[in-house]
Amino acid sequence: MSSSLGVIERGRMRKSPFFFSWVLLCCWCWTIQGEIFTSISQMTDLIHTEKELVQSLREYIKAEESKLTAVKSWATKLDTLTRVSTSDPEGYLAHPVNAYKLMKRLNTEWSELEILVLQNPSDGFISNMSIHRQYFPDAEDETGAAKALMRLQDTYQLDSEAFSRGKLPGMHSNALLTVDDCYDMGKTAYNDADYYHAVLWMQQSLKQLDYGEEAVVSKADILDYLSYSVYQMGDLPRAIELTRRLVAIDSSHQRAGGNLRYFERLLLKQLNEVNQPYQLDSEEPIQLGTYSRPKDHLPERETYEALCRGEGIQMNEARRSRLFCRYQDGKRNPRILLKPMKEEDEWDSPHIVRYLDVLAHEEIEKIKELAKPRLARATVRDPKTGVLTTANYRVSKSAWLEGEDDAVIARVNQRIEDITGLTVDTAELLQVANYGVGGQYEPHYDFSRKDEPDAFKRLGTGNRVATFLNYMSDVEAGGATVFPEFGAVIWPRKGTAVFWYNLLKSGEGDYRTRHAACPVLVGSKWVSNKWIHERGQEFRRPCGLTEVD
């Protein structure tokens, strides 16, 4: 179709089976009965499903081979008979046994052969496929998986080649992306008008194709997408160079010739305006950093992502000297007096502490066992209506557990109350979340702001005064909790928990506590959290006398 700029845009194309199979194996998001999921926990079900389908496929192949062997045997036997019979038909039929056997073959045996040929060994395989198809990812899930890769690419500054070769920080695997995979990644970005990522992935697809890798997609198709995407990034010289390569491959291409003339006229006009000579761009490959990533809705995007990479942490010797570790007995609480909690300062102001050995391995496994059947797309509370809803900036899967579900949950709730000294009677249920690869929760506040007066109105328990966050797994790479406002990074450590106040003693929100869950790069992140509310804390955490208390 023609754009408003007069250049012809590349149309939408087919989805590669290579990319779909790769997404099925390593993916991040999928839909079951209309609900998007991003949980490693339940993705393991897809792995087992695929194994079962492979076994079913092998059984189908074996049945087809058995059928083909039988048909071949018939063909060989009949070929021998017909060679003899056709050499002297009258002499052959003169023997009464031959006449009888011909009648028998044509009346009975050829009918049996017909039945054999009409047998369909694929019925069992097709039936198995039909049963499992309802749980398969769809086009929306494939797009979500591709976007998760791009999110990781941006956050951890990974180039497309590193991804395509399975080279991630601290690991190297055989999870490779083919030419067609990279091409489909680029198409996903292109179809979303994300020309920045379209360029990166189309360039990688072209690079691998030039290295001699086999592919279904043609070089012309890649150059078609790449040249237009580069044009959209404002790089006319390179768009011209790429379009010329496209024309050299396919001189009859329906868009390339017109686009090339348009690009050249536009570049010449721009150069004349600044009185510069026409000079064609070099054929240097496009790399991460060649173009600037467009700005988005998140003002602290760069700071947030840098912290996720472990960069820009504002810890210094002066601040470190103010951090201590101690035993905490909950003000001589009898339940933890004989075995006080180990408490470590993570940050001085606002005060963030980490508790060690909060959850035992057996407790964690029980919580996960209870949560897994209930895991659903994680929600956020709509600031205007107070209703829980999904949001693109929170990509994980969660479940809510209450004390009545199991003694372990009741015990964990009581332990949180004992450690913090705050009542959990008015707290929200224990939320369990599982972040798969690419799962994240972008910078947000846990408390409601003044322009969101109805956020927790339905609960009737006031604002979220504090957050208690349990880490229930170690994470191989990524998955940190970061605070962009003051440059703190807290790395997940299984069995530990972190705690901070969201509100000042005056009841005003502490805006410094805006935080985020970084995307999981490698591994699976399990957490559970308790949001503690204001009601019931009047004598446990008395109000301050000024707004800044």
# chains A, B, ... in the order shown; residues from 1 in each chain; ligands from 1
$ closest_atom_pairs --of "segment 430-512 of chain A" --to "segment 124-148 of chain A" --cutoff "12 Å" --atoms "only C-alpha atoms" --output "Markdown table"
| residue | atom | partner | partner_atom | distance |
| --- | --- | --- | --- | --- |
| A:Tyr435 | CA | A:Ala148 | CA | 11.8 |
| A:Gly436 | CA | A:Ala148 | CA | 10.0 |
| A:Val437 | CA | A:Ala148 | CA | 7.7 |
| A:Gly438 | CA | A:Ala148 | CA | 5.0 |
| A:Gly439 | CA | A:Ala148 | CA | 7.7 |
| A:Gln440 | CA | A:Ala148 | CA | 9.6 |
$ write_last_selection --atoms "N, CA and C atoms" --output "PDB file, in the first residue's frame"
ATOM      1  N   TYR A 435       7.503 -15.266  37.208  1.00  0.00           N
ATOM      2  CA  TYR A 435       7.966 -14.530  36.038  1.00  0.00           C
ATOM      3  C   TYR A 435       8.780 -15.474  35.164  1.00  0.00           C
ATOM      4  N   GLY A 436       8.303 -15.703  33.943  1.00  0.00           N
ATOM      5  CA  GLY A 436       9.084 -16.485  32.997  1.00  0.00           C
ATOM      6  C   GLY A 436      10.132 -15.604  32.347  1.00  0.00           C
ATOM      7  N   VAL A 437      10.822 -16.145  31.351  1.00  0.00           N
ATOM      8  CA  VAL A 437      11.837 -15.375  30.639  1.00  0.00           C
ATOM      9  C   VAL A 437      11.177 -14.168  29.976  1.00  0.00           C
ATOM     10  N   GLY A 438      11.700 -12.985  30.241  1.00  0.00           N
ATOM     11  CA  GLY A 438      11.108 -11.755  29.720  1.00  0.00           C
ATOM     12  C   GLY A 438      10.032 -11.186  30.626  1.00  0.00           C
ATOM     13  N   GLY A 439       9.629 -11.936  31.676  1.00  0.00           N
ATOM     14  CA  GLY A 439       8.613 -11.439  32.604  1.00  0.00           C
ATOM     15  C   GLY A 439       9.134 -10.256  33.392  1.00  0.00           C
ATOM     16  N   GLN A 440       8.295  -9.245  33.589  1.00  0.00           N
ATOM     17  CA  GLN A 440       8.735  -8.029  34.246  1.00  0.00           C
ATOM     18  C   GLN A 440       7.547  -7.302  34.872  1.00  0.00           C
TER      19      GLN A 440
END
$ select_by_dssp --residues "segment 188-413 of chain A" --states "helix (DSSP H, G or I)" --output "VMD selection string"
chain A and resid 188 to 191 195 to 210 219 to 232 236 to 249 256 to 273 301 to 308 317 to 320 361 to 374 403 to 405 407 to 413
$ residues_around --residues "segment 202-216 of chain A" --least-positions-apart "6" --cutoff "12 Å" --atoms "only C-alpha atoms" --output "PyMOL selection string"
chain A and resi 14-19+159-165+176-190+195-196+222-230+242+245-246+283-288+290
$ residues_around --residues "segment 495-509 of chain A" --least-positions-apart "6" --cutoff "7 Å" --atoms "only C-alpha atoms" --output "PyMOL selection string"
chain A and resi 351-360+446-447+449+464-472+542-549
$ atom_distance --atom1 "atom CA of Glu65 of chain A" --atom2 "atom CA of Leu78 of chain A"
19.8 Å
$ select_by_dssp --residues "segment 365-543 of chain A" --states "strand (DSSP E or B)" --output "PyMOL selection string"
chain A and resi 376-377+380-381+388-389+394-395+397-401+430-435+437+440-444+464-471+477-478+481-483+488-490+497-501+503+509+515-517+520-522+525-533
$ closest_residue --among "A:Phe263, A:Tyr92, A:Trp201, A:Trp110" --to "Val71 of chain A" --atoms "only C-alpha atoms"
A:Trp110
$ residues_around --residues "Ser41 of chain A" --least-positions-apart "3" --cutoff "10 Å" --atoms "only C-alpha atoms" --output "list in words"
Thr38, Thr44, Asp45, Lys368, Lys372, Leu375, Lys397, Asn434, Tyr435, Gly436, Ser524, Lys525 and Trp526 of chain A
$ decode --residues "segment 153-165 of chain A" --atoms "all heavy atoms" --output "tab-separated table (two decimals), in the first residue's frame"
chain	number	residue	atom	x	y	z
A	153	GLN	N	16.45	-7.79	24.83
A	153	GLN	CA	17.51	-7.21	24.00
A	153	GLN	C	17.78	-5.76	24.40
A	153	GLN	O	18.93	-5.35	24.53
A	153	GLN	CB	17.08	-7.28	22.53
A	153	GLN	CG	18.09	-6.76	21.54
A	153	GLN	CD	17.58	-6.89	20.11
A	153	GLN	OE1	16.38	-6.89	19.86
A	153	GLN	NE2	18.49	-7.00	19.17
A	154	ASP	N	16.71	-5.01	24.63
A	154	ASP	CA	16.85	-3.60	25.01
A	154	ASP	C	17.38	-3.45	26.43
A	154	ASP	O	18.33	-2.69	26.67
A	154	ASP	CB	15.49	-2.90	24.91
A	154	ASP	CG	15.00	-2.80	23.49
A	154	ASP	OD1	15.82	-2.89	22.56
A	154	ASP	OD2	13.77	-2.65	23.30
A	155	THR	N	16.78	-4.17	27.36
A	155	THR	CA	17.13	-4.00	28.77
A	155	THR	C	18.58	-4.37	29.03
A	155	THR	O	19.31	-3.65	29.73
A	155	THR	CB	16.22	-4.86	29.67
A	155	THR	OG1	14.85	-4.49	29.43
A	155	THR	CG2	16.54	-4.63	31.14
A	156	TYR	N	19.02	-5.48	28.45
A	156	TYR	CA	20.36	-5.97	28.75
A	156	TYR	C	21.36	-5.69	27.63
A	156	TYR	O	22.47	-6.22	27.63
A	156	TYR	CB	20.29	-7.47	29.07
A	156	TYR	CG	19.44	-7.72	30.30
A	156	TYR	CD1	18.16	-8.24	30.19
A	156	TYR	CD2	19.89	-7.37	31.57
A	156	TYR	CE1	17.36	-8.43	31.31
A	156	TYR	CE2	19.10	-7.55	32.69
A	156	TYR	CZ	17.84	-8.08	32.56
A	156	TYR	OH	17.05	-8.24	33.67
A	157	GLN	N	20.95	-4.82	26.67
A	157	GLN	CA	21.82	-4.36	25.58
A	157	GLN	C	22.51	-5.53	24.89
A	157	GLN	O	23.75	-5.59	24.79
A	157	GLN	CB	22.84	-3.34	26.11
A	157	GLN	CG	22.20	-2.05	26.58
A	157	GLN	CD	23.20	-0.97	26.95
A	157	GLN	OE1	24.38	-1.24	27.16
A	157	GLN	NE2	22.74	0.26	27.04
A	158	LEU	N	21.70	-6.45	24.40
A	158	LEU	CA	22.20	-7.63	23.70
A	158	LEU	C	21.98	-7.43	22.21
A	158	LEU	O	20.88	-7.07	21.78
A	158	LEU	CB	21.46	-8.88	24.17
A	158	LEU	CG	21.51	-9.15	25.68
A	158	LEU	CD1	20.55	-10.27	26.03
A	158	LEU	CD2	22.91	-9.49	26.12
A	159	ASP	N	23.01	-7.68	21.41
A	159	ASP	CA	22.81	-7.52	19.97
A	159	ASP	C	22.09	-8.75	19.41
A	159	ASP	O	22.03	-9.81	20.03
A	159	ASP	CB	24.12	-7.25	19.23
A	159	ASP	CG	25.13	-8.38	19.36
A	159	ASP	OD1	24.72	-9.54	19.39
A	159	ASP	OD2	26.33	-8.07	19.45
A	160	SER	N	21.55	-8.59	18.21
A	160	SER	CA	20.74	-9.65	17.61
A	160	SER	C	21.57	-10.90	17.35
A	160	SER	O	21.06	-12.02	17.44
A	160	SER	CB	20.12	-9.15	16.30
A	160	SER	OG	19.35	-7.99	16.54
A	161	GLU	N	22.85	-10.71	17.02
A	161	GLU	CA	23.68	-11.88	16.73
A	161	GLU	C	23.90	-12.72	17.98
A	161	GLU	O	23.88	-13.95	17.92
A	161	GLU	CB	25.03	-11.45	16.15
A	161	GLU	CG	25.91	-12.64	15.78
A	161	GLU	CD	27.07	-12.26	14.89
A	161	GLU	OE1	27.40	-11.06	14.80
A	161	GLU	OE2	27.66	-13.18	14.29
A	162	ALA	N	24.11	-12.07	19.12
A	162	ALA	CA	24.28	-12.81	20.37
A	162	ALA	C	23.05	-13.66	20.65
A	162	ALA	O	23.15	-14.83	21.03
A	162	ALA	CB	24.53	-11.84	21.52
A	163	PHE	N	21.88	-13.05	20.45
A	163	PHE	CA	20.64	-13.79	20.66
A	163	PHE	C	20.52	-14.96	19.69
A	163	PHE	O	20.18	-16.08	20.06
A	163	PHE	CB	19.44	-12.86	20.47
A	163	PHE	CG	18.74	-12.54	21.76
A	163	PHE	CD1	18.51	-11.22	22.12
A	163	PHE	CD2	18.30	-13.53	22.59
A	163	PHE	CE1	17.86	-10.91	23.30
A	163	PHE	CE2	17.65	-13.24	23.78
A	163	PHE	CZ	17.43	-11.92	24.13
A	164	SER	N	20.78	-14.69	18.41
A	164	SER	CA	20.57	-15.72	17.39
A	164	SER	C	21.52	-16.89	17.58
A	164	SER	O	21.23	-18.01	17.14
A	164	SER	CB	20.73	-15.12	15.99
A	164	SER	OG	22.08	-14.78	15.74
A	165	ARG	N	22.66	-16.65	18.23
A	165	ARG	CA	23.63	-17.71	18.47
A	165	ARG	C	23.51	-18.32	19.87
A	165	ARG	O	24.34	-19.12	20.28
A	165	ARG	CB	25.06	-17.19	18.26
A	165	ARG	CG	25.34	-16.72	16.84
A	165	ARG	CD	25.00	-17.78	15.83
A	165	ARG	NE	25.17	-17.33	14.45
A	165	ARG	CZ	24.53	-17.84	13.42
A	165	ARG	NH1	23.65	-18.81	13.61
A	165	ARG	NH2	24.75	-17.40	12.20
